[in-house]
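Visitor: Take this structure, written in structure tokens, and hold onto it; I'll ask about it next.
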Amino acid sequence: MFNKTADSVIENDSLTLNIKFQDEILQEKQALQKEVKLNKQYEKGKLTAQDRINLLIDTNQKFLEIGALVKHNCHNFDMQKRLSLGDGVITGCGKINSQNVFIASQDFLVNGGSLGYAHAEKICKLLDLAYDNLSPIVFINDSGGARIQEGVEALAGYGKIFHNNVKSSGVIPQIAMIMGPCAGGAVYSPALTDFIFMVKNTSYMYLTGPNVVKKVTYEDVDHETLGGSSVHGGKSGVADFVCENDADAILKLKLLLSYLPNNCYETPKRAENFRNKKTNDDYLRNFLPENPNQSYDIKNLIDEIVDENSFLEVKKDFAQNIVIGFARLNGYSVGIIANQPLFLAGCLDIDASCKAGKFIRFCDSFNIPIISLIDVPGFLPGTNQEYNGVIIHGAKLLYAYSEATVPKISVVIRKAYGGSYIVMNSKHLDADFNFAWPKSELAVMGADAAAEVLLKGKTNDIEKYDKFMNEYRNLMSPELSASRGFIDDVIQPSETRDILIRSLEIAMNKYNGKKLCFKHKNVPL
């Protein structure tokens, strides 16, 4: 009896030692695999999930991690042997620019950063916390997509995240950092956020990868050509910022956050360290070319008007006929929208309308005043635009301006013709202040085009033509628009910055004594 018990004890101890030994071997193997993966991550120029968080939060600030001990509960395809604390995503809260920001950073070193149900639940909980505490949230995406081994549970996880993205839209700023692969259903959460960052050569987004594309459409395409940063930064317009590397993306993100409030119930903080800039009067006086059809770079005017080095352009390489971005005016955060004569003569088109429309709705959601610099000859003509719905897409820009209740101030720099005059924050869309430079033109169309229509092509009669042109130019003058109350004042170019600052100070009283509220979702346009 005694010997049997002793034998049992020895057998159990041996089994325990054997299990422990197997666990140690498994841990050593996993550690070695992780080290190999880590080296590959760095070789690609990518930081780790934790590196990114450390660089993102303020120096000497502690990151409060939430859900660090979470594990997945999947046993399909031996997934129980691939357990990892945190389940491939680091979630928590840290200080950025001294403000609380919630961060979810996917870890490509753990199961390829793939999203399973537990992984998704962590992100959903973080979104709930950000929503309840009215703080911005940043998603750092570096994932192979849905965890195939979990089947429909992974898809359910994505669905819950998308729903929470929509719930939080227009309430708190949501920003997506694409810092690796982002494929399949994974792309829709970034698409529902307010801004998307991508990194050159290391990040890509697409619904179906190169292998599937080749099998279905027979196109032979690589990751970069299909969904790299150059594609989404310049062709599709999906990415708002294209960055050189992870560090550059994180620095730009911190800069972006400095222009934004924490939520829709606040206004952005006024910058403490700014100098009251003196504009170059001679430069502005001679800013416009003598030839009214000659192009110029509107960004030079933006830089001259706003606070020094404060302009942060959004969607820089997409729909370049319109320029959008954040800047500061006398320390106040503002959204800038400007027609760009360097591209398509500054005409509005489908892409420009969607680009500016979404930006306006974001500014309106988060109480950021809008400054519009206008030089627009009309909507881009042609069958391509008409067949692809320029009417409905142009209406998005019109709707956004008309809906916005933030301070809206406009300056007509040179031209404002036809429907594009109305669409670009005209007085009739409830703009607060509308100004125009002395040589600007506001009319249904340009003088030459009007002569062709009204003179029915009979422009050979010089006397009749000259008489028509003189009469029409008077009709186009900003003074006539001012006499009708459609322009508040005709201002000298050198006065532009000072008048914008004064107008902004007056219009900002919209917020005084009023409780700021949720206005609308920032729907993807």
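Naming works like this for the structure tokens: A, B, ... for the chains as they're shown, residue 1 at the start of each chain, ligands 1 onward in shown order.
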Please list as a PDB file with C-alpha atoms, in the first residue's frame every residue within 12 Å of A:Asn60, counting only C-alpha atoms and excluding residues in the same chain fewer than 3 positions away.
Guide:
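Generated output (result-v3.pdb):
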ATOM      1  CA  ASN A  54       6.335  55.420 -26.163  1.00  0.00           C
ATOM      2  CA  LEU A  55       7.124  57.911 -28.926  1.00  0.00           C
ATOM      3  CA  LEU A  56       3.553  59.157 -29.108  1.00  0.00           C
ATOM      4  CA  ILE A  57       2.883  60.024 -25.473  1.00  0.00           C
ATOM      5  CA  PHE A  63       0.898  54.979 -20.261  1.00  0.00           C
ATOM      6  CA  GLY A  94      -1.658  58.389 -22.223  1.00  0.00           C
ATOM      7  CA  LYS A  95      -1.041  62.122 -22.339  1.00  0.00           C
ATOM      8  CA  ILE A  96      -0.356  63.775 -25.704  1.00  0.00           C
ATOM      9  CA  SER A  98      -0.854  67.280 -21.939  1.00  0.00           C
TER      10      SER A  98
END
Visitor: Might you pull out every residue within 9 Å of A:Pro181, with only C-alpha atoms counted and same-chain residues fewer than 2 positions away left off, and present them as a PyMOL selection string?
Guide: chain A and resi 141-145+178-179+183+202-206
Visitor: Residues of stretch 304-496 of chain A in helix (DSSP H, G or I) according to DSSP, as JSON, numbers by chain?
Guide: {"A": [304, 305, 344, 345, 346, 350, 351, 352, 353, 354, 355, 356, 357, 358, 359, 360, 361, 362, 363, 364, 365, 383, 384, 385, 386, 387, 390, 391, 392, 393, 394, 395, 396, 397, 398, 399, 400, 401, 402, 403, 418, 419, 420, 421, 422, 423, 427, 428, 429, 447, 448, 449, 450, 451, 452, 453, 454, 462, 463, 464, 465, 466, 467, 468, 469, 470, 471, 472, 473, 474, 475, 476, 478, 479, 480, 481, 482, 483, 493, 494, 495, 496]}
Visitor: Using only C-alpha atoms, can you tell me which of A:Arg52, A:His428, A:Lys396, A:Lys122 comes closest to A:Leu253?
Guide: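 Among the listed residues, A:Arg52 lies closest to A:Leu253.
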Visitor: Quick one: residues within 10 Å of A:Asp281, only C-alpha atoms counted, chain neighbours fewer than 2 positions away excluded, as a ChimeraX atom specification?
Guide: /A:278-279,283-287,304,492-496
Visitor: With only C-alpha atoms as the counted atoms, please give the residues lying no more than 8 Å from A:Ile337, apart from itself and same-chain residues fewer than 5 positions off, as a PyMOL selection string.
Guide: chain A and resi 322-325+356+370-373
Visitor: Counting only C-alpha atoms, which of A:Ile368, A:Cys93, A:Met177, A:Leu301 gets nearest to A:Pro268?
Guide: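 Between A:Ile368, A:Cys93, A:Met177, A:Leu301, the residue approaching A:Pro268 most closely is A:Ile368.
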Visitor: DSSP says strand (DSSP E or B) for which residues of stretch 315-420 of chain A? Put them as a ChimeraX atom specification?
Guide: /A:322-329,332-339,348,370-376,379,408-417
Visitor: Since we have the selection now, will you write its residues out, keeping N, CA and C atoms, as a compact mmCIF listing (two decimals), in the first residue's frame?
Guide:
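Output file result_0.txt follows:
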# COMPACT_ATOMS: atom_id res chain seq x y z
N ILE A 322 -7.82 72.08 -55.01
CA ILE A 322 -8.28 72.75 -53.79
C ILE A 322 -7.34 72.39 -52.66
N VAL A 323 -7.05 73.36 -51.82
CA VAL A 323 -6.12 73.18 -50.71
C VAL A 323 -6.89 73.26 -49.40
N ILE A 324 -6.68 72.27 -48.52
CA ILE A 324 -7.32 72.29 -47.21
C ILE A 324 -6.26 72.03 -46.14
N GLY A 325 -6.53 72.48 -44.94
CA GLY A 325 -5.60 72.22 -43.85
C GLY A 325 -5.91 73.07 -42.63
N PHE A 326 -5.16 72.84 -41.59
CA PHE A 326 -5.31 73.59 -40.34
C PHE A 326 -4.22 74.65 -40.24
N ALA A 327 -4.56 75.75 -39.59
CA ALA A 327 -3.58 76.81 -39.36
C ALA A 327 -3.98 77.54 -38.09
N ARG A 328 -3.17 78.51 -37.73
CA ARG A 328 -3.53 79.38 -36.61
C ARG A 328 -3.60 80.83 -37.10
N LEU A 329 -4.58 81.52 -36.57
CA LEU A 329 -4.76 82.93 -36.88
C LEU A 329 -4.84 83.67 -35.55
N TYR A 332 -5.46 81.32 -32.76
CA TYR A 332 -6.67 80.49 -32.82
C TYR A 332 -6.55 79.43 -33.91
N SER A 333 -7.05 78.25 -33.62
CA SER A 333 -7.07 77.18 -34.60
C SER A 333 -8.17 77.44 -35.62
N VAL A 334 -7.82 77.36 -36.92
CA VAL A 334 -8.81 77.55 -37.99
C VAL A 334 -8.61 76.49 -39.06
N GLY A 335 -9.67 76.24 -39.81
CA GLY A 335 -9.58 75.38 -40.99
C GLY A 335 -9.49 76.26 -42.22
N ILE A 336 -8.56 75.95 -43.11
CA ILE A 336 -8.35 76.74 -44.33
C ILE A 336 -8.85 75.94 -45.54
N ILE A 337 -9.64 76.60 -46.39
CA ILE A 337 -10.07 76.01 -47.66
C ILE A 337 -9.78 77.03 -48.74
N ALA A 338 -9.01 76.64 -49.76
CA ALA A 338 -8.60 77.60 -50.79
C ALA A 338 -8.52 76.94 -52.15
N ASN A 339 -9.06 77.61 -53.16
CA ASN A 339 -8.91 77.14 -54.53
C ASN A 339 -7.46 77.33 -54.96
N LEU A 348 -13.52 73.58 -59.47
CA LEU A 348 -14.04 72.53 -58.59
C LEU A 348 -14.37 71.31 -59.43
N ILE A 370 -13.86 78.36 -40.05
CA ILE A 370 -13.46 78.07 -41.43
C ILE A 370 -13.14 79.36 -42.17
N ILE A 371 -11.94 79.42 -42.74
CA ILE A 371 -11.51 80.55 -43.56
C ILE A 371 -11.42 80.06 -45.01
N SER A 372 -12.14 80.73 -45.91
CA SER A 372 -12.13 80.33 -47.32
C SER A 372 -11.48 81.41 -48.17
N LEU A 373 -10.50 81.01 -48.97
CA LEU A 373 -9.83 81.91 -49.91
C LEU A 373 -10.25 81.48 -51.31
N ILE A 374 -10.94 82.37 -52.03
CA ILE A 374 -11.68 81.96 -53.22
C ILE A 374 -11.08 82.54 -54.50
N ASP A 375 -10.77 81.65 -55.42
CA ASP A 375 -10.41 82.02 -56.78
C ASP A 375 -10.83 80.86 -57.66
N VAL A 376 -12.11 80.86 -58.06
CA VAL A 376 -12.69 79.69 -58.72
C VAL A 376 -13.45 80.10 -59.97
N PHE A 379 -17.09 74.96 -62.14
CA PHE A 379 -16.91 73.52 -62.04
C PHE A 379 -16.25 73.01 -63.31
N LYS A 408 -17.67 81.40 -40.19
CA LYS A 408 -17.31 81.17 -41.59
C LYS A 408 -16.96 82.52 -42.22
N ILE A 409 -15.73 82.65 -42.65
CA ILE A 409 -15.24 83.91 -43.21
C ILE A 409 -14.61 83.64 -44.57
N SER A 410 -14.93 84.45 -45.57
CA SER A 410 -14.43 84.24 -46.92
C SER A 410 -13.79 85.50 -47.49
N VAL A 411 -12.81 85.28 -48.35
CA VAL A 411 -12.21 86.38 -49.11
C VAL A 411 -12.13 85.94 -50.57
N VAL A 412 -12.78 86.71 -51.47
CA VAL A 412 -12.65 86.44 -52.90
C VAL A 412 -11.37 87.11 -53.37
N ILE A 413 -10.43 86.31 -53.79
CA ILE A 413 -9.10 86.80 -54.18
C ILE A 413 -9.10 87.32 -55.61
N ARG A 414 -9.71 86.55 -56.53
CA ARG A 414 -9.68 86.97 -57.94
C ARG A 414 -10.99 86.66 -58.66
N LYS A 415 -11.41 85.41 -58.72
CA LYS A 415 -12.61 85.05 -59.48
C LYS A 415 -13.58 84.26 -58.61
N ALA A 416 -14.86 84.47 -58.85
CA ALA A 416 -15.90 83.64 -58.24
C ALA A 416 -17.06 83.61 -59.22
N TYR A 417 -17.10 82.58 -60.06
CA TYR A 417 -18.06 82.53 -61.15
C TYR A 417 -19.11 81.43 -60.93
Visitor: With a distance cut-off of 12 Å and only C-alpha atoms, select the neighbouring residues of A:Ser477, excluding the residue or stretch itself and same-chain residues fewer than 6 positions from it, and output the selection as a CSV table (one decimal) with N, CA and C atoms, in the first residue's frame.
Guide:
chain,number,residue,atom,x,y,z
A,412,VAL,N,-12.8,86.7,-51.5
A,412,VAL,CA,-12.7,86.4,-52.9
A,412,VAL,C,-11.4,87.1,-53.4
A,414,ARG,N,-9.7,86.6,-56.5
A,414,ARG,CA,-9.7,87.0,-57.9
A,414,ARG,C,-11.0,86.7,-58.7
A,415,LYS,N,-11.4,85.4,-58.7
A,415,LYS,CA,-12.6,85.1,-59.5
A,415,LYS,C,-13.6,84.3,-58.6
A,416,ALA,N,-14.9,84.5,-58.8
A,416,ALA,CA,-15.9,83.6,-58.2
A,416,ALA,C,-17.1,83.6,-59.2
A,417,TYR,N,-17.1,82.6,-60.1
A,417,TYR,CA,-18.1,82.5,-61.2
A,417,TYR,C,-19.1,81.4,-60.9
A,436,ALA,N,-13.8,90.9,-50.4
A,436,ALA,CA,-13.2,90.7,-51.7
A,436,ALA,C,-12.1,91.7,-51.9
A,437,TRP,N,-11.1,91.2,-52.7
A,437,TRP,CA,-10.0,92.1,-53.1
A,437,TRP,C,-10.5,93.0,-54.3
A,438,PRO,N,-9.9,94.2,-54.4
A,438,PRO,CA,-10.4,95.2,-55.4
A,438,PRO,C,-10.5,94.7,-56.8
A,439,LYS,N,-9.6,93.9,-57.3
A,439,LYS,CA,-9.7,93.4,-58.7
A,439,LYS,C,-10.5,92.1,-58.9
A,440,SER,N,-11.2,91.7,-57.9
A,440,SER,CA,-11.9,90.4,-58.0
A,440,SER,C,-13.1,90.6,-58.9
A,441,GLU,N,-13.6,89.4,-59.3
A,441,GLU,CA,-14.8,89.4,-60.2
A,441,GLU,C,-15.8,88.4,-59.7
A,442,LEU,N,-17.0,88.8,-59.6
A,442,LEU,CA,-18.1,87.9,-59.1
A,442,LEU,C,-19.2,88.0,-60.1
A,443,ALA,N,-19.5,86.9,-60.8
A,443,ALA,CA,-20.5,86.9,-61.9
A,443,ALA,C,-20.9,85.5,-62.3
A,446,GLY,N,-17.2,84.4,-66.8
A,446,GLY,CA,-16.2,85.4,-67.2
A,446,GLY,C,-16.7,86.3,-68.4
A,447,ALA,N,-16.1,87.4,-68.6
A,447,ALA,CA,-16.5,88.4,-69.6
A,447,ALA,C,-16.5,87.8,-71.0
A,470,ASN,N,-17.4,96.7,-71.2
A,470,ASN,CA,-17.3,97.7,-70.2
A,470,ASN,C,-18.5,97.6,-69.2
A,471,GLU,N,-19.7,97.3,-69.8
A,471,GLU,CA,-20.9,97.1,-69.0
A,471,GLU,C,-20.8,95.9,-68.2
A,483,SER,N,-22.6,96.6,-52.8
A,483,SER,CA,-23.8,97.5,-52.8
A,483,SER,C,-25.1,96.7,-52.6
A,484,ARG,N,-25.0,95.4,-52.9
A,484,ARG,CA,-26.2,94.5,-52.7
A,484,ARG,C,-26.2,93.8,-51.4
A,486,PHE,N,-23.9,91.5,-50.7
A,486,PHE,CA,-23.4,90.1,-50.8
A,486,PHE,C,-21.9,90.1,-50.4
A,487,ILE,N,-21.3,91.2,-50.4
A,487,ILE,CA,-19.9,91.3,-49.9
A,487,ILE,C,-19.9,92.4,-48.8
A,490,VAL,N,-14.9,95.6,-49.6
A,490,VAL,CA,-13.8,95.4,-50.5
A,490,VAL,C,-12.5,95.9,-49.8
Visitor: Which polymer residues have any atom within 8 Å of an atom of A:Lys299, counting only C-alpha atoms, with same-chain residues fewer than 3 positions away left out, as JSON, numbers by chain?
Guide: {"A": [302, 303, 323, 340]}
Visitor: Got time to write the residues from that selection, C-alpha atoms, as a PDB file, in the first residue's frame?
Guide:
ATOM      1  CA  ILE A 302      -1.955  81.164 -47.011  1.00  0.00           C
ATOM      2  CA  ASP A 303       1.533  81.276 -45.487  1.00  0.00           C
ATOM      3  CA  VAL A 323      -6.115  73.183 -50.709  1.00  0.00           C
ATOM      4  CA  GLN A 340      -5.545  76.400 -56.162  1.00  0.00           C
TER       5      GLN A 340
END
